[in-house]
$ cat protein27.csv   # CSV, C-alpha atoms
chain,number,residue,atom,x,y,z
A,32,MET,CA,0.0,0.0,0.0
A,33,SER,CA,1.5,3.3,-0.9
A,34,ILE,CA,0.5,6.7,0.5
A,35,HIS,CA,1.7,10.1,-0.5
A,36,SER,CA,2.0,12.9,2.1
A,37,ARG,CA,1.5,16.6,1.2
A,38,VAL,CA,3.6,19.6,2.1
A,39,ARG,CA,2.7,21.0,5.5
A,40,THR,CA,0.9,24.1,4.1
A,41,SER,CA,-1.6,21.9,2.3
A,42,PRO,CA,-4.9,21.5,4.2
A,43,LEU,CA,-5.1,17.9,3.0
A,44,LYS,CA,-2.3,15.6,4.1
A,45,LEU,CA,-3.1,12.1,2.9
A,46,VAL,CA,-2.5,9.3,5.3
A,47,GLY,CA,-2.6,5.5,5.5
A,48,ILE,CA,-5.7,3.4,4.7
A,49,GLY,CA,-7.1,1.7,7.7
A,50,ALA,CA,-6.2,-2.0,7.7
A,51,VAL,CA,-9.3,-3.1,9.7
A,52,ALA,CA,-11.7,-4.1,6.9
A,53,VAL,CA,-11.8,-0.9,4.9
A,54,THR,CA,-13.2,-0.2,1.5
A,55,ALA,CA,-13.6,3.0,-0.5
A,56,LEU,CA,-16.4,3.5,-2.9
A,57,ALA,CA,-15.5,6.8,-4.5
A,58,ASN,CA,-13.8,7.1,-7.9
A,59,VAL,CA,-10.9,9.5,-8.0
A,60,SER,CA,-7.8,10.2,-10.1
A,61,THR,CA,-5.2,7.4,-10.1
A,62,ALA,CA,-2.7,10.0,-8.9
A,63,LEU,CA,-4.1,9.4,-5.4
A,64,ALA,CA,-4.1,5.6,-5.8
A,65,ALA,CA,-3.0,3.3,-3.0
A,66,GLN,CA,-2.0,-0.2,-3.9
A,67,SER,CA,-2.1,-3.0,-1.3
A,68,GLY,CA,1.3,-4.1,-0.1
A,69,GLY,CA,0.7,-5.1,3.5
A,70,ALA,CA,-0.6,-8.3,5.1
A,71,ALA,CA,-4.1,-9.5,4.4
A,72,VAL,CA,-6.7,-8.4,6.8
A,73,THR,CA,-10.1,-9.9,7.7
A,74,PRO,CA,-12.8,-9.1,7.0
A,75,VAL,CA,-12.3,-7.1,3.8
A,76,ILE,CA,-15.3,-6.3,1.7
A,77,ALA,CA,-13.6,-4.9,-1.3
A,78,ARG,CA,-10.5,-2.9,-2.4
A,79,ALA,CA,-10.4,0.1,-4.6
A,80,LYS,CA,-7.6,1.4,-6.7
A,81,SER,CA,-7.9,4.8,-5.0
A,82,ALA,CA,-9.3,5.8,-1.7
A,83,PRO,CA,-9.9,9.5,-0.9
A,84,PHE,CA,-12.1,8.3,2.0
A,85,THR,CA,-11.6,5.2,4.2
A,86,ILE,CA,-13.1,3.9,7.4
A,87,GLY,CA,-11.5,1.7,10.0
A,88,VAL,CA,-12.6,0.4,13.4
A,89,SER,CA,-10.2,-0.2,16.3
A,90,ALA,CA,-11.6,-3.7,16.6
A,91,SER,CA,-13.4,-5.9,14.1
A,92,THR,CA,-15.3,-7.7,16.9
A,93,ALA,CA,-16.9,-6.0,19.9
A,94,GLN,CA,-19.4,-6.6,22.8
A,95,PRO,CA,-22.4,-4.6,23.7
A,96,GLY,CA,-21.4,-1.5,25.6
A,97,GLN,CA,-17.9,-1.5,24.3
A,98,ARG,CA,-16.2,1.8,23.2
A,99,LEU,CA,-14.5,1.8,19.8
A,100,THR,CA,-12.5,4.3,17.8
A,101,ILE,CA,-13.5,4.9,14.2
A,102,SER,CA,-10.9,6.7,12.0
A,103,GLY,CA,-9.7,7.0,8.5
A,104,LEU,CA,-8.7,9.1,5.5
A,105,ALA,CA,-10.9,12.1,4.7
A,106,TYR,CA,-10.1,13.9,1.5
A,107,ALA,CA,-12.3,16.9,2.4
A,108,ARG,CA,-11.8,20.5,3.5
A,109,ALA,CA,-10.8,20.7,7.2
A,110,GLY,CA,-13.7,21.4,9.4
A,111,LEU,CA,-16.4,19.9,7.1
A,112,ASN,CA,-18.4,17.2,8.8
A,113,LEU,CA,-18.4,13.5,7.9
A,114,THR,CA,-21.3,11.3,9.1
A,115,ILE,CA,-20.8,7.7,10.4
A,116,THR,CA,-24.0,5.5,10.4
A,117,SER,CA,-24.6,2.1,11.9
A,118,ASP,CA,-27.1,0.2,13.9
A,119,ALA,CA,-24.1,-0.9,16.1
A,120,ILE,CA,-23.4,2.6,17.4
A,121,ALA,CA,-25.2,4.6,20.1
A,122,SER,CA,-26.5,8.1,19.0
A,123,SER,CA,-29.5,10.3,19.4
A,124,ARG,CA,-29.0,11.4,15.8
A,125,ALA,CA,-30.2,9.3,12.9
A,126,VAL,CA,-29.9,9.3,9.1
A,127,ALA,CA,-32.7,7.5,7.3
A,128,GLY,CA,-33.6,5.8,10.6
A,129,VAL,CA,-30.0,4.6,11.3
A,130,PRO,CA,-28.0,5.9,14.3
A,131,ALA,CA,-25.5,8.5,13.1
A,132,VAL,CA,-22.6,10.5,14.5
A,133,GLN,CA,-20.8,13.4,13.0
A,134,THR,CA,-17.1,14.2,13.2
A,135,PRO,CA,-15.1,16.9,11.3
A,136,ALA,CA,-12.3,16.3,8.8
A,137,LEU,CA,-9.0,17.4,10.3
A,138,VAL,CA,-6.3,19.5,8.7
A,139,GLU,CA,-4.0,16.4,8.2
A,140,GLY,CA,-6.6,14.9,5.9
A,141,ILE,CA,-7.9,12.4,8.5
A,142,TYR,CA,-10.8,12.0,11.0
A,143,HIS,CA,-11.3,10.1,14.2
A,144,THR,CA,-14.1,9.7,16.8
A,145,THR,CA,-15.1,7.5,19.6
A,146,VAL,CA,-18.4,5.6,19.7
A,147,ARG,CA,-20.1,3.1,21.9
A,148,VAL,CA,-21.9,-0.1,21.0
A,149,PRO,CA,-25.4,0.1,22.5
A,150,PRO,CA,-25.8,-2.3,25.5
A,151,ALA,CA,-28.9,-3.9,23.9
A,152,THR,CA,-27.2,-4.7,20.5
A,153,GLU,CA,-28.0,-8.2,19.4
A,154,PRO,CA,-25.1,-10.4,18.2
A,155,GLY,CA,-24.5,-10.2,14.5
A,156,THR,CA,-22.6,-8.4,11.8
A,157,TYR,CA,-23.3,-4.7,11.2
A,158,SER,CA,-22.3,-2.3,8.5
A,159,VAL,CA,-20.5,0.8,9.6
A,160,ARG,CA,-20.8,3.5,6.8
A,161,LEU,CA,-19.0,6.8,6.2
A,162,ARG,CA,-21.0,9.5,4.4
A,163,PHE,CA,-19.9,12.8,3.0
A,164,ASP,CA,-21.7,15.3,0.8
A,165,ASN,CA,-25.0,13.3,1.1
A,166,ARG,CA,-23.4,10.1,-0.3
A,167,GLN,CA,-21.8,7.0,1.0
A,168,VAL,CA,-18.0,7.0,0.5
A,169,ALA,CA,-16.7,4.0,2.5
A,170,VAL,CA,-18.0,1.1,4.5
A,171,THR,CA,-16.7,-1.6,6.8
A,172,ASN,CA,-18.2,-4.4,9.0
A,173,LEU,CA,-18.3,-4.8,12.7
A,174,ARG,CA,-19.2,-8.1,14.4
A,175,VAL,CA,-21.0,-7.8,17.7
A,176,VAL,CA,-20.9,-10.9,20.0
A,177,ALA,CA,-22.8,-11.6,23.2
A,178,ALA,CA,-21.5,-10.0,26.4
A,179,GLY,CA,-18.8,-12.2,28.0
A,180,SER,CA,-17.9,-13.8,24.7
A,181,HIS,CA,-14.3,-14.0,23.5
A,182,THR,CA,-13.7,-11.2,21.0
A,183,GLY,CA,-10.2,-12.0,19.8
A,184,ASP,CA,-9.0,-8.6,18.7
A,185,SER,CA,-11.6,-6.5,20.5
A,186,THR,CA,-9.2,-5.2,23.1
A,187,ARG,CA,-6.2,-4.5,20.8
A,188,PHE,CA,-5.4,-3.1,17.4
A,189,ASN,CA,-4.5,-5.4,14.5
A,190,ALA,CA,-0.9,-5.5,13.6
A,191,CYS,CA,0.4,-3.7,10.6
A,192,ALA,CA,2.9,-5.7,8.5
A,193,GLY,CA,3.8,-2.6,6.5
A,194,ILE,CA,2.3,0.4,4.7
A,195,GLY,CA,4.1,2.7,2.3
A,196,PHE,CA,4.2,6.4,3.1
A,197,THR,CA,6.0,9.1,1.0
A,198,VAL,CA,7.5,12.1,2.8
A,199,LEU,CA,7.7,14.8,0.1
A,200,HIS,CA,10.2,17.1,1.8
A,201,ASN,CA,12.8,16.8,4.6
A,202,ASP,CA,10.9,16.8,7.8
A,203,ARG,CA,10.9,16.1,11.5
A,204,ALA,CA,8.5,14.1,13.7
A,205,GLY,CA,9.2,14.7,17.4
A,206,SER,CA,13.0,14.4,17.7
A,207,ALA,CA,13.3,12.2,14.5
A,208,TYR,CA,14.8,13.6,11.3
A,209,LEU,CA,13.1,12.2,8.3
A,210,PRO,CA,14.6,13.0,4.9
A,211,ALA,CA,12.3,13.1,1.9
A,212,GLY,CA,11.5,9.8,0.3
A,213,GLY,CA,9.6,6.6,0.6
A,214,TYR,CA,9.0,5.0,4.0
A,215,THR,CA,7.5,1.9,5.4
A,216,VAL,CA,5.3,2.3,8.5
A,217,ALA,CA,4.9,-0.9,10.6
A,218,SER,CA,3.5,-1.9,14.0
A,219,GLY,CA,2.9,-5.0,16.0
A,220,THR,CA,0.1,-3.3,18.1
A,221,MET,CA,-1.7,-0.9,15.8
A,222,ASP,CA,-3.5,-1.2,12.5
A,223,CYS,CA,-1.9,0.5,9.4
A,224,GLY,CA,-4.5,3.2,9.2
A,225,THR,CA,-4.1,4.4,12.7
A,226,ALA,CA,-0.3,4.2,12.6
A,227,SER,CA,0.0,6.1,9.4
A,228,ALA,CA,-2.6,8.7,10.5
A,229,ASP,CA,-0.6,9.3,13.7
A,230,PHE,CA,2.6,9.6,11.6
A,231,SER,CA,1.0,12.2,9.4
A,232,SER,CA,-0.1,14.2,12.4
A,233,PHE,CA,3.4,14.0,13.9
A,234,LEU,CA,4.9,15.3,10.7
A,235,ALA,CA,2.5,18.2,10.9
A,236,GLY,CA,4.1,19.2,14.2
A,237,ALA,CA,7.4,20.0,12.5
A,238,GLY,CA,9.6,18.7,15.2
A,239,LYS,CA,7.7,19.8,18.2
A,240,ALA,CA,7.4,17.4,21.2
A,241,ILE,CA,4.5,14.9,20.7
A,242,PRO,CA,2.2,14.9,23.7
A,243,GLY,CA,1.9,11.5,25.3
A,244,TRP,CA,4.4,9.9,23.0
A,245,ASN,CA,8.1,8.9,23.2
A,246,THR,CA,10.3,9.1,20.1
A,247,THR,CA,13.3,6.9,19.6
A,248,SER,CA,15.4,7.6,16.5
A,249,PRO,CA,18.7,5.6,16.1
A,250,ALA,CA,19.5,7.4,12.7
A,251,ALA,CA,18.0,9.7,10.2
A,252,GLY,CA,15.1,8.1,8.4
A,253,ARG,CA,14.4,5.7,11.2
A,254,ALA,CA,12.2,6.1,14.2
A,255,THR,CA,9.9,4.4,16.7
A,256,PHE,CA,7.0,6.2,18.3
A,257,THR,CA,5.5,4.8,21.6
A,258,GLN,CA,2.4,6.0,23.4
A,259,ARG,CA,3.3,6.2,27.0
A,260,ASN,CA,0.0,5.4,28.6
A,261,SER,CA,-0.9,2.4,26.4
A,262,GLY,CA,2.4,0.9,25.1
A,263,LEU,CA,1.1,1.1,21.5
A,264,SER,CA,3.9,1.8,19.1
A,265,PHE,CA,4.8,1.9,15.5
A,266,SER,CA,8.1,2.3,13.5
A,267,VAL,CA,9.0,4.1,10.3
A,268,ALA,CA,12.0,3.3,8.2
A,269,LYS,CA,13.2,5.0,5.0
A,270,ASN,CA,13.2,2.7,2.0
A,271,ARG,CA,16.6,2.1,0.4
$ encode --input "protein27.csv" --output "structure tokens"
Amino acid sequence: MSIHSRVRTSPLKLVGIGAVAVTALANVSTALAAQSGGAAVTPVIARAKSAPFTIGVSASTAQPGQRLTISGLAYARAGLNLTITSDAIASSRAVAGVPAVQTPALVEGIYHTTVRVPPATEPGTYSVRLRFDNRQVAVTNLRVVAAGSHTGDSTRFNACAGIGFTVLHNDRAGSAYLPAGGYTVASGTMDCGTASADFSSFLAGAGKAIPGWNTTSPAAGRATFTQRNSGLSFSVAKNR
């Protein structure tokens, strides 16, 4: 999977595609295309040659009452609202009778929000859909199991075997110096979409300290970022 970053002055910095069962439905120029290059993920509904919008969930299986993070790529002007709809999320708002939450596109070209599975949700597989400009732009599935059931990955992020990310200018993320070029972002504890979204936001900080994260950089073009309160981490390495 290959992702292109934008210069910092751009309001849209493209980031990695979520590796937890994402699919994009919008048709865009192949200049923004992302080709799969990481490990296979399950479930996957479909893959698109290009994905200006993606949606990923922090766990593919959850229990009633559980909190989840929904995040992804949003090729939209910063501040414009995106709508997430699903019968597996709790909300007082609805779109066409389906519970819905709104969250804004961020300047880095990403979005993220936290939702809760309603306590009375029946076991089953539910669609989680992303809407923008009155149309559906991405969809994924969430499996809800009975309370007390084993959920497998419900309490941790899927691993990311590797996702490509292009830094278009010499940059810094925390204390790490990252020369322009192609990179591989990988993690044993985070999905590719979350890791690459975080990497993009760290680059936007232009070398400022990253709140809540430690940065280890043994050499230019290589770094590991570790979240202090959770132990989640990902690494970036410049391709040779």
$ atom_distance --input "protein27.csv" --atom1 "CA of Leu111 in chain A" --atom2 "CA of Ser158 in chain A"
23.0 Å
$ atom_distance --input "protein27.csv" --atom1 "CA of Thr100 in chain A" --atom2 "CA of Ala204 in chain A"
23.5 Å
$ closest_atom_pairs --input "protein27.csv" --of "range 92-158 of chain A" --to "range 217-224 of chain A" --cutoff "10 Å" --atoms "all atoms listed in the file" --output "JSON lines"
{"residue": "A:Ser102", "atom": "CA", "partner": "A:Gly224", "partner_atom": "CA", "distance": 7.8}
{"residue": "A:Gly103", "atom": "CA", "partner": "A:Gly224", "partner_atom": "CA", "distance": 6.5}
{"residue": "A:Leu104", "atom": "CA", "partner": "A:Gly224", "partner_atom": "CA", "distance": 8.1}
{"residue": "A:Ile141", "atom": "CA", "partner": "A:Gly224", "partner_atom": "CA", "distance": 9.8}
$ residues_around --input "protein27.csv" --residues "Arg203 in chain A" --least-positions-apart "3" --cutoff "8 Å" --atoms "all atoms listed in the file" --output "PDB file with C-alpha atoms, keeping the file's coordinate frame"
ATOM      1  CA  SER A 206      13.000  14.400  17.700  1.00  0.00           C
ATOM      2  CA  ALA A 207      13.300  12.200  14.500  1.00  0.00           C
ATOM      3  CA  TYR A 208      14.800  13.600  11.300  1.00  0.00           C
ATOM      4  CA  LEU A 209      13.100  12.200   8.300  1.00  0.00           C
ATOM      5  CA  LEU A 234       4.900  15.300  10.700  1.00  0.00           C
ATOM      6  CA  GLY A 236       4.100  19.200  14.200  1.00  0.00           C
ATOM      7  CA  ALA A 237       7.400  20.000  12.500  1.00  0.00           C
ATOM      8  CA  GLY A 238       9.600  18.700  15.200  1.00  0.00           C
TER       9      GLY A 238
END
$ residues_around --input "protein27.csv" --residues "Glu153 in chain A" --least-positions-apart "2" --cutoff "12 Å" --atoms "only C-alpha atoms" --output "JSON, numbers by chain"
{"A": [93, 94, 95, 96, 118, 119, 120, 148, 149, 150, 151, 155, 156, 157, 174, 175, 176, 177, 178]}
$ atom_distance --input "protein27.csv" --atom1 "CA of Asn245 in chain A" --atom2 "CA of Arg98 in chain A"
25.3 Å
$ residues_around --input "protein27.csv" --residues "Pro135 in chain A" --least-positions-apart "6" --cutoff "8 Å" --atoms "all atoms listed in the file" --output "PyMOL selection string"
chain A and resi 109-113+142
$ closest_residue --input "protein27.csv" --among "A:Thr225, A:Thr114, A:Ser231, A:Ser180" --to "Ala136 in chain A" --atoms "only C-alpha atoms"
A:Thr114
$ build_atoms --input "protein27.csv" --residues "range 213-224 of chain A" --atoms "all heavy atoms" --output "CSV table (one decimal), in the frame of the given file"
chain,number,residue,atom,x,y,z
A,213,GLY,N,10.5,7.6,0.2
A,213,GLY,CA,9.6,6.6,0.6
A,213,GLY,C,9.9,5.9,1.9
A,213,GLY,O,11.1,5.6,2.2
A,214,TYR,N,8.9,5.6,2.7
A,214,TYR,CA,9.0,5.0,4.0
A,214,TYR,C,8.1,3.8,4.1
A,214,TYR,O,7.1,3.7,3.4
A,214,TYR,CB,8.7,6.0,5.1
A,214,TYR,CG,9.8,7.0,5.4
A,214,TYR,CD1,10.0,8.1,4.5
A,214,TYR,CD2,10.6,6.9,6.5
A,214,TYR,CE1,11.0,9.0,4.7
A,214,TYR,CE2,11.6,7.8,6.7
A,214,TYR,CZ,11.8,8.9,5.8
A,214,TYR,OH,12.8,9.8,6.1
A,215,THR,N,8.4,2.9,5.0
A,215,THR,CA,7.5,1.9,5.4
A,215,THR,C,7.1,2.1,6.9
A,215,THR,O,8.0,2.2,7.8
A,215,THR,CB,8.2,0.5,5.3
A,215,THR,OG1,8.5,0.3,3.9
A,215,THR,CG2,7.2,-0.6,5.8
A,216,VAL,N,5.8,2.1,7.1
A,216,VAL,CA,5.3,2.3,8.5
A,216,VAL,C,4.8,0.9,8.9
A,216,VAL,O,4.1,0.2,8.2
A,216,VAL,CB,4.1,3.3,8.5
A,216,VAL,CG1,3.6,3.4,9.9
A,216,VAL,CG2,4.5,4.6,8.0
A,217,ALA,N,5.2,0.4,10.1
A,217,ALA,CA,4.9,-0.9,10.6
A,217,ALA,C,4.6,-0.9,12.1
A,217,ALA,O,5.2,-0.1,12.8
A,217,ALA,CB,6.0,-1.9,10.2
A,218,SER,N,3.8,-1.8,12.5
A,218,SER,CA,3.5,-1.9,14.0
A,218,SER,C,3.0,-3.3,14.3
A,218,SER,O,2.3,-4.0,13.5
A,218,SER,CB,2.4,-0.9,14.3
A,218,SER,OG,2.0,-1.1,15.7
A,219,GLY,N,3.4,-3.7,15.5
A,219,GLY,CA,2.9,-5.0,16.0
A,219,GLY,C,1.6,-4.8,16.9
A,219,GLY,O,1.0,-5.8,17.3
A,220,THR,N,1.2,-3.6,17.2
A,220,THR,CA,0.1,-3.3,18.1
A,220,THR,C,-0.9,-2.4,17.5
A,220,THR,O,-1.9,-2.2,18.2
A,220,THR,CB,0.7,-2.7,19.4
A,220,THR,OG1,1.4,-1.5,19.1
A,220,THR,CG2,1.6,-3.7,20.1
A,221,MET,N,-0.7,-1.8,16.4
A,221,MET,CA,-1.7,-0.9,15.8
A,221,MET,C,-2.0,-1.2,14.3
A,221,MET,O,-1.1,-1.8,13.6
A,221,MET,CB,-1.1,0.6,15.8
A,221,MET,CG,-0.7,1.1,17.2
A,221,MET,SD,0.2,2.6,17.2
A,221,MET,CE,-1.0,3.7,16.5
A,222,ASP,N,-3.2,-0.9,13.9
A,222,ASP,CA,-3.5,-1.2,12.5
A,222,ASP,C,-2.8,-0.1,11.6
A,222,ASP,O,-2.4,1.0,12.1
A,222,ASP,CB,-5.0,-1.1,12.2
A,222,ASP,CG,-5.6,0.2,12.4
A,222,ASP,OD1,-5.6,1.0,11.5
A,222,ASP,OD2,-6.2,0.5,13.5
A,223,CYS,N,-2.7,-0.4,10.3
A,223,CYS,CA,-1.9,0.5,9.4
A,223,CYS,C,-2.5,1.9,9.3
A,223,CYS,O,-1.8,2.9,9.2
A,223,CYS,CB,-1.8,-0.2,8.0
A,223,CYS,SG,-0.8,-1.6,7.9
A,224,GLY,N,-3.9,1.9,9.3
A,224,GLY,CA,-4.5,3.2,9.2
A,224,GLY,C,-4.3,4.1,10.3
A,224,GLY,O,-4.0,5.3,10.2
